[in-house]
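Quick notes on the structure that follows.
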Amino acid sequence: MGKLVRFGIGILVMIVVMLPASAGPAIPGLPAYYPADYGRIIEASKAEGKLLVYSIMSARNWAPVLAEFKKLYPWLDVETLDLGSYEVFERYYAESASGARTADMIISIAPDAWQEFLQKGQAVTYESPESRYIPSWAKFGKEIYMVSADPMVFIWNKRALRQELWPKSMAQLAELVQQNPQTFRNRLTTYDAERVATGFAINWFWIKRHGERGWRILETLARAGVRAQSSAGRMIDSVLSGESVVGYFVSTISVFPRFPAAEPVLGWGMIEDGTPVANRGMAITRAARSPNAARLMLDFILSQSGQVAFAEGGLTAYRPDVAGKAKHHLTDLAKTIGERNLIIFSYDRDLMDKAKREAFLARWKKTYQR
Amino acid sequence: METAVIVQKAERAGAVDRVLQGAVAALTFLLVTVPLIPILFQSFLSAPLYEPVRTLTLSNYVRLLQNQEFRTVLLNTLLFATSTTALAVVIGVILAILLVRTDVPGRTYLAGLVTSPLFMSPLVIAFAWTVIFGPQGYLTQLFRSITGVNPWNLYSLGGMAVLGGVYYAPYTYLYASGSLALSDPAVEDAARIAGAGPLRTLWRVTLPLLRPALLYSGLLTFIAAAEVLSIPLVLGTPVGIELFSSFLYKLGIVGGTTEYGMIAAASVLMLLFLTLLIALQERLLGGGRRFVTVTGRVARARLLPLGRIRWVAAVWCWFYVLLAIILPLLGIAAQSFTAFLSPFMNPLEVTTLDHYRLIFEHSAYARSILNSFLIAFAGGAIGIFFMALITLVAFRSDFPLRRPLIYVALYPRAIPGIIVGIGFLWSFLLFPGLGALRNTILGLTLAFIMRYIPYGFGAVSPSVFRISEEMDRAARVVGASWITTVRRILLPLLREAIFAGYTLLFVTFLKEYASAVFLFARGSEVMGTTMIELWRQGDSGPVSALAVLQVVLTLLWLGIARRVLVGVSTKIRFQDFGGVT
């Protein structure tokens, strides 16, 4: 008798679970436009249990996203490993080739490494239900989606620098530096393009926009003495301490979390003549052991709540329909300088050309006398 | 006549004894050689060892030796190791003479402080130094605000060598002070009677007697400095100066393409070089005993009165300890409790517990503390038990291969930590049965145990020598097997030495990071790898919080150990151990 009752209840539950799915919308917690069979991905993820992500973001950035994700899919344990832009790929290659447990999803900036990843056929094709809610530049091929669009901005020390010396554009900063050699001597800081993938990409795309004029501006700054750093955190520390007074091309992902604590000392602003915007790509890997969990994460990151959560963690959301809702949003940030002054990284074919890369780096090193 | 036969018969090992002895020796041999095989193999392979298509080649070596960067790295490493050694020996010997042979006020406190870096990870010390002496450091800023110029550059080969000198000075200090404490004061008295002043006595009598101790500790420092990862990683990489270990780290972890062949070839060359140095050290130690025999008597050496100079000496010592150790540690503690450090703001206005909260709230960071503790607590216990057995097989059995066993057990001194990590990682990839150990804390524990066999060996063996062999013999005569003798006689007598060794292994495992950087994954992270992970993000706050937690855990453990060891003659001896990084 009891068995029969339980069987009956089981059938009922199954019908209740299946009904909305077959009817179309309304999987609890998810937007109505998700496809009917999305429930199958969710079901399949239950057997996977664990999701491993190799990313270049810190625990601080991830925290709000993981908290929200856990509410939606409480059975999934998400582990994130914070590595370098290239390291995420290298580690994946070594592990997948030897059949070890490796990342189900990779998040990184390095555009050249992404192209290699695609060429090796390691990224899995996936059509996200969120696809039509994101701009076209936020998707590359059928595999890579953007997590966020993080501007590379100016920072400065408010106490060490009079207000009229706060930088607005690179061209204006170059003039300020020439007019006030004493103030700026050896007190500029930026990314090291030689050692940091992000630093390379920033310079590459900024020069792509400005050409020779851009090189001349960089040369002027370099002559004043620029400290090239390997992380944005160190640039901010340098400016906070007064060792440097201005940092340029500093990643907002490190700048935003410093506020409001650093407010009295630290200033920041978009670069009027071109703010590089890093497109942080993500893809599901061929060797994923939890491909369904990875799909859920990818869709969540692209979703409204995912974008808002990552913005909470210091990243910059770009999905148009969360503008004004997310703590940091590209559209809001672009208002002061205009959309056309955003230099969003692309998957430039030239980046794959070793000779061109090396020539560019050689010129960069010459410019900065390194 | 009869008894002699019985004794001989009894001393011959039984089958069970042989099996255990053989197992201990075989395990030691496997632990040390298995990680080295894939490195040697890979160094002759054209592609990564996991790739299906690969051929044997010498090109890795050719490419490596033609690589301009590698040559620069070798030169830098040589320069760094040489200047570090010179500085460490000078600092160490001055401190040893002042604190052991003269009447400098506050000697006992100073002695404790001077050796304290040994208990801390060089990673922690390096971070701490950047807080004080780095380009944005407290003292650097203070100096700059007064004089208007940048006083020094910590992020340079010179800066790294100074830090290395301070970090490794305790080796020389310990060896020299050990030797000084043993030396016969009559020799110095003779010099004084012959009319030599105190300085002349020091120069002509005391120092020459220290020569073997200085040579030995100098070589130890050189080897340690040649393989250290933390100092070049923290101070060198931001400005593009690479030393051997950070170069391997860059090639293997950070670089755009993983150069397995080059990594392996560089490792093999480094292993050869260090093996030569270790052999040299072995010879020197042999020669060193000649000097030690001069001093049979242990008379309490009379302290050399320095007169008024003693206050100058005291100020110098305290100044050194304050600048090199106390201030950096206070600085890193301050950083861990503030949102950021800036001369433009009162640090008290930005105090926060956020960095600690981040560590404890993020599961991976919190887990790294737990993992480090587990490996130190359980891995250390297993490790010291195993190492005590090695010592007993080596010195208290008739196992035919006991001599070679000693060499194998001591060989890890020649293997840099980062190579231990690479070797274990690759052997997990190469040997089918070992794949399951990959990315587990068991795999890490094995690597840590292998790396520090010489520590346990060194901690236990002096006490083994002190137990008269008549004890074993008596047991064997009444019919006990070797195993029973070990279990009932030797191990109980070695209790204190084993506990002291355990304390040492605990502290060492807790701070170990170099062999873990290639081996850890999500789930098997340790404190050292988490610090590096956070540091690479440029997140100095949480790094300092973790560093502070590591120091506190170590101090707590040492406090407990000291309480347990009260009244026990065995002290934790660092003199007997190989390279520490």
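Each chain in the structure tokens gets a letter, A, B and so on, in the order shown; residues start at 1 in every chain, and ligands are counted from 1 in the order they appear.
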Sorted by chain and rising residue number, list the residues of chain A at most 6 Å from chain B (counting only C-alpha atoms), each with its closest atom pair and distance in Å to one decimal, as CSV.
residue,atom,partner,partner_atom,distance
A:Tyr86,CA,B:Gly256,CA,5.4
A:Glu87,CA,B:Val254,CA,5.4
A:Ser98,CA,B:Tyr50,CA,5.8
A:Ser230,CA,B:Pro238,CA,5.8
A:Ser231,CA,B:Gly538,CA,5.6
A:Gly233,CA,B:Gly538,CA,4.2
A:Arg234,CA,B:Gly538,CA,5.5
A:Leu240,CA,B:Ser342,CA,5.5
A:Ser241,CA,B:Ser342,CA,4.6
What does the file look like for those residues with N, CA and C atoms, as a compact mmCIF listing (two decimals), in the first residue's frame?
# COMPACT_ATOMS: atom_id res chain seq x y z
N TYR A 86 47.51 33.38 -19.14
CA TYR A 86 47.94 32.25 -19.96
C TYR A 86 47.88 30.95 -19.18
N GLU A 87 48.14 31.08 -17.89
CA GLU A 87 48.24 29.89 -17.05
C GLU A 87 46.94 29.08 -17.08
N SER A 98 46.51 14.59 -20.08
CA SER A 98 46.85 13.42 -19.28
C SER A 98 45.61 12.79 -18.65
N SER A 230 53.36 44.76 -12.59
CA SER A 230 52.80 43.51 -13.09
C SER A 230 51.36 43.29 -12.63
N SER A 231 50.84 44.15 -11.77
CA SER A 231 49.43 44.01 -11.43
C SER A 231 48.83 45.36 -11.08
N GLY A 233 46.86 45.96 -8.69
CA GLY A 233 46.92 46.15 -7.25
C GLY A 233 48.16 46.92 -6.84
N ARG A 234 49.29 46.58 -7.46
CA ARG A 234 50.53 47.27 -7.12
C ARG A 234 50.53 48.71 -7.62
N LEU A 240 48.52 55.21 -3.95
CA LEU A 240 48.06 55.51 -2.59
C LEU A 240 49.22 55.98 -1.71
N SER A 241 50.38 55.38 -1.94
CA SER A 241 51.51 55.73 -1.08
C SER A 241 52.17 57.03 -1.51
query: Would you give me, as a ChimeraX atom specification, the residues in region 273-493 of chain B that DSSP reads as helix (DSSP H, G or I)?
result: /B:273-292,309-336,347-350,354-361,363-395,402-414,417-430,432-437,441-451,453-466,469-477,482-493
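Nearest residue to His355 (chain B), choosing from A:Leu298, A:Gly324, A:Gln178, A:Ala59 and counting only C-alpha atoms: A:Ala59.
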- prompt: What lies within 7 Å of region 88-95 of chain A using only C-alpha atoms, ignoring chain neighbours under 4 positions off, as an MDAnalysis selection string?
  reply: (chainID A and resid 54:55 83:84 99:103 106) or (chainID B and resid 257:258)
task: Skip Thr201 (chain B) itself and residues of its chain fewer than 6 positions away, then list as a PyMOL selection string all residues within 9 Å of it, counting only C-alpha atoms.
output: chain B and resi 188-189+191-192+207
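Among A:Lys120, A:Arg357, A:Arg319, A:Arg162, the residue with the shortest atom-to-atom distance to Ala197 (chain A), counting only C-alpha atoms, is A:Arg357.
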- request: Could you give me, as a PyMOL selection string, each residue of region 60-294 of chain A that DSSP assigns to strand (DSSP E) when run on this structure's backbone?
  value: chain A and resi 77-82+105-108+139-140+144-157+188-191+226-229+246-251+266-269+275-284
message: Using only C-alpha atoms, which protein or nucleic acid residues come within 6 Å of region 243-256 of chain A? Drop anything in the same chain fewer than 6 positions from it, and give the result as an MDAnalysis selection string.
response: chainID A and resid 151:157 187:190 232 314:315
Suppose we keep N, CA and C atoms; can you now write the selection as a PDB file, in the first residue's frame?
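After the write, out14.pdb holds the following:
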ATOM      1  N   PRO A 151      36.769  48.545 -18.036  1.00  0.00           N
ATOM      2  CA  PRO A 151      37.557  49.671 -18.525  1.00  0.00           C
ATOM      3  C   PRO A 151      38.914  49.758 -17.830  1.00  0.00           C
ATOM      4  N   MET A 152      39.903  50.208 -18.577  1.00  0.00           N
ATOM      5  CA  MET A 152      41.243  50.451 -18.043  1.00  0.00           C
ATOM      6  C   MET A 152      41.391  51.958 -17.917  1.00  0.00           C
ATOM      7  N   VAL A 153      41.453  52.452 -16.707  1.00  0.00           N
ATOM      8  CA  VAL A 153      41.216  53.875 -16.455  1.00  0.00           C
ATOM      9  C   VAL A 153      42.434  54.595 -15.873  1.00  0.00           C
ATOM     10  N   PHE A 154      42.238  55.894 -15.626  1.00  0.00           N
ATOM     11  CA  PHE A 154      43.204  56.695 -14.873  1.00  0.00           C
ATOM     12  C   PHE A 154      42.965  56.528 -13.379  1.00  0.00           C
ATOM     13  N   ILE A 155      44.030  56.507 -12.604  1.00  0.00           N
ATOM     14  CA  ILE A 155      43.880  56.722 -11.161  1.00  0.00           C
ATOM     15  C   ILE A 155      44.888  57.794 -10.758  1.00  0.00           C
ATOM     16  N   TRP A 156      44.583  58.520  -9.704  1.00  0.00           N
ATOM     17  CA  TRP A 156      45.542  59.513  -9.238  1.00  0.00           C
ATOM     18  C   TRP A 156      45.420  59.725  -7.740  1.00  0.00           C
ATOM     19  N   ASN A 157      46.437  60.338  -7.189  1.00  0.00           N
ATOM     20  CA  ASN A 157      46.463  60.625  -5.762  1.00  0.00           C
ATOM     21  C   ASN A 157      45.933  62.031  -5.530  1.00  0.00           C
ATOM     22  N   ARG A 187      56.920  59.486 -11.474  1.00  0.00           N
ATOM     23  CA  ARG A 187      55.744  59.228 -10.640  1.00  0.00           C
ATOM     24  C   ARG A 187      54.525  58.828 -11.466  1.00  0.00           C
ATOM     25  N   LEU A 188      54.782  58.182 -12.600  1.00  0.00           N
ATOM     26  CA  LEU A 188      53.700  57.613 -13.395  1.00  0.00           C
ATOM     27  C   LEU A 188      53.806  56.102 -13.314  1.00  0.00           C
ATOM     28  N   THR A 189      52.665  55.456 -13.441  1.00  0.00           N
ATOM     29  CA  THR A 189      52.722  53.994 -13.404  1.00  0.00           C
ATOM     30  C   THR A 189      51.692  53.413 -14.367  1.00  0.00           C
ATOM     31  N   THR A 190      52.032  52.244 -14.930  1.00  0.00           N
ATOM     32  CA  THR A 190      51.111  51.566 -15.855  1.00  0.00           C
ATOM     33  C   THR A 190      51.446  50.086 -15.892  1.00  0.00           C
ATOM     34  N   ALA A 232      47.510  45.472 -11.300  1.00  0.00           N
ATOM     35  CA  ALA A 232      46.826  46.724 -10.997  1.00  0.00           C
ATOM     36  C   ALA A 232      46.885  47.018  -9.502  1.00  0.00           C
ATOM     37  N   GLY A 314      32.909  43.920  -8.418  1.00  0.00           N
ATOM     38  CA  GLY A 314      33.945  44.818  -8.926  1.00  0.00           C
ATOM     39  C   GLY A 314      34.138  44.768 -10.430  1.00  0.00           C
ATOM     40  N   LEU A 315      33.462  43.844 -11.113  1.00  0.00           N
ATOM     41  CA  LEU A 315      33.570  43.813 -12.563  1.00  0.00           C
ATOM     42  C   LEU A 315      32.577  44.807 -13.165  1.00  0.00           C
TER      43      LEU A 315
END
message: Set the distance at 9 Å and use only C-alpha atoms: which residues neighbour Thr220 (chain A) once local chain neighbours fewer than 2 positions away are removed? I'd like the list as JSON, numbers by chain.
response: {"A": [174, 175, 177, 178, 215, 216, 217, 218, 222, 223, 224]}
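Interatomic distance, CA of Glu79 (chain A) to CA of Leu52 (chain A): 4.9 Å.
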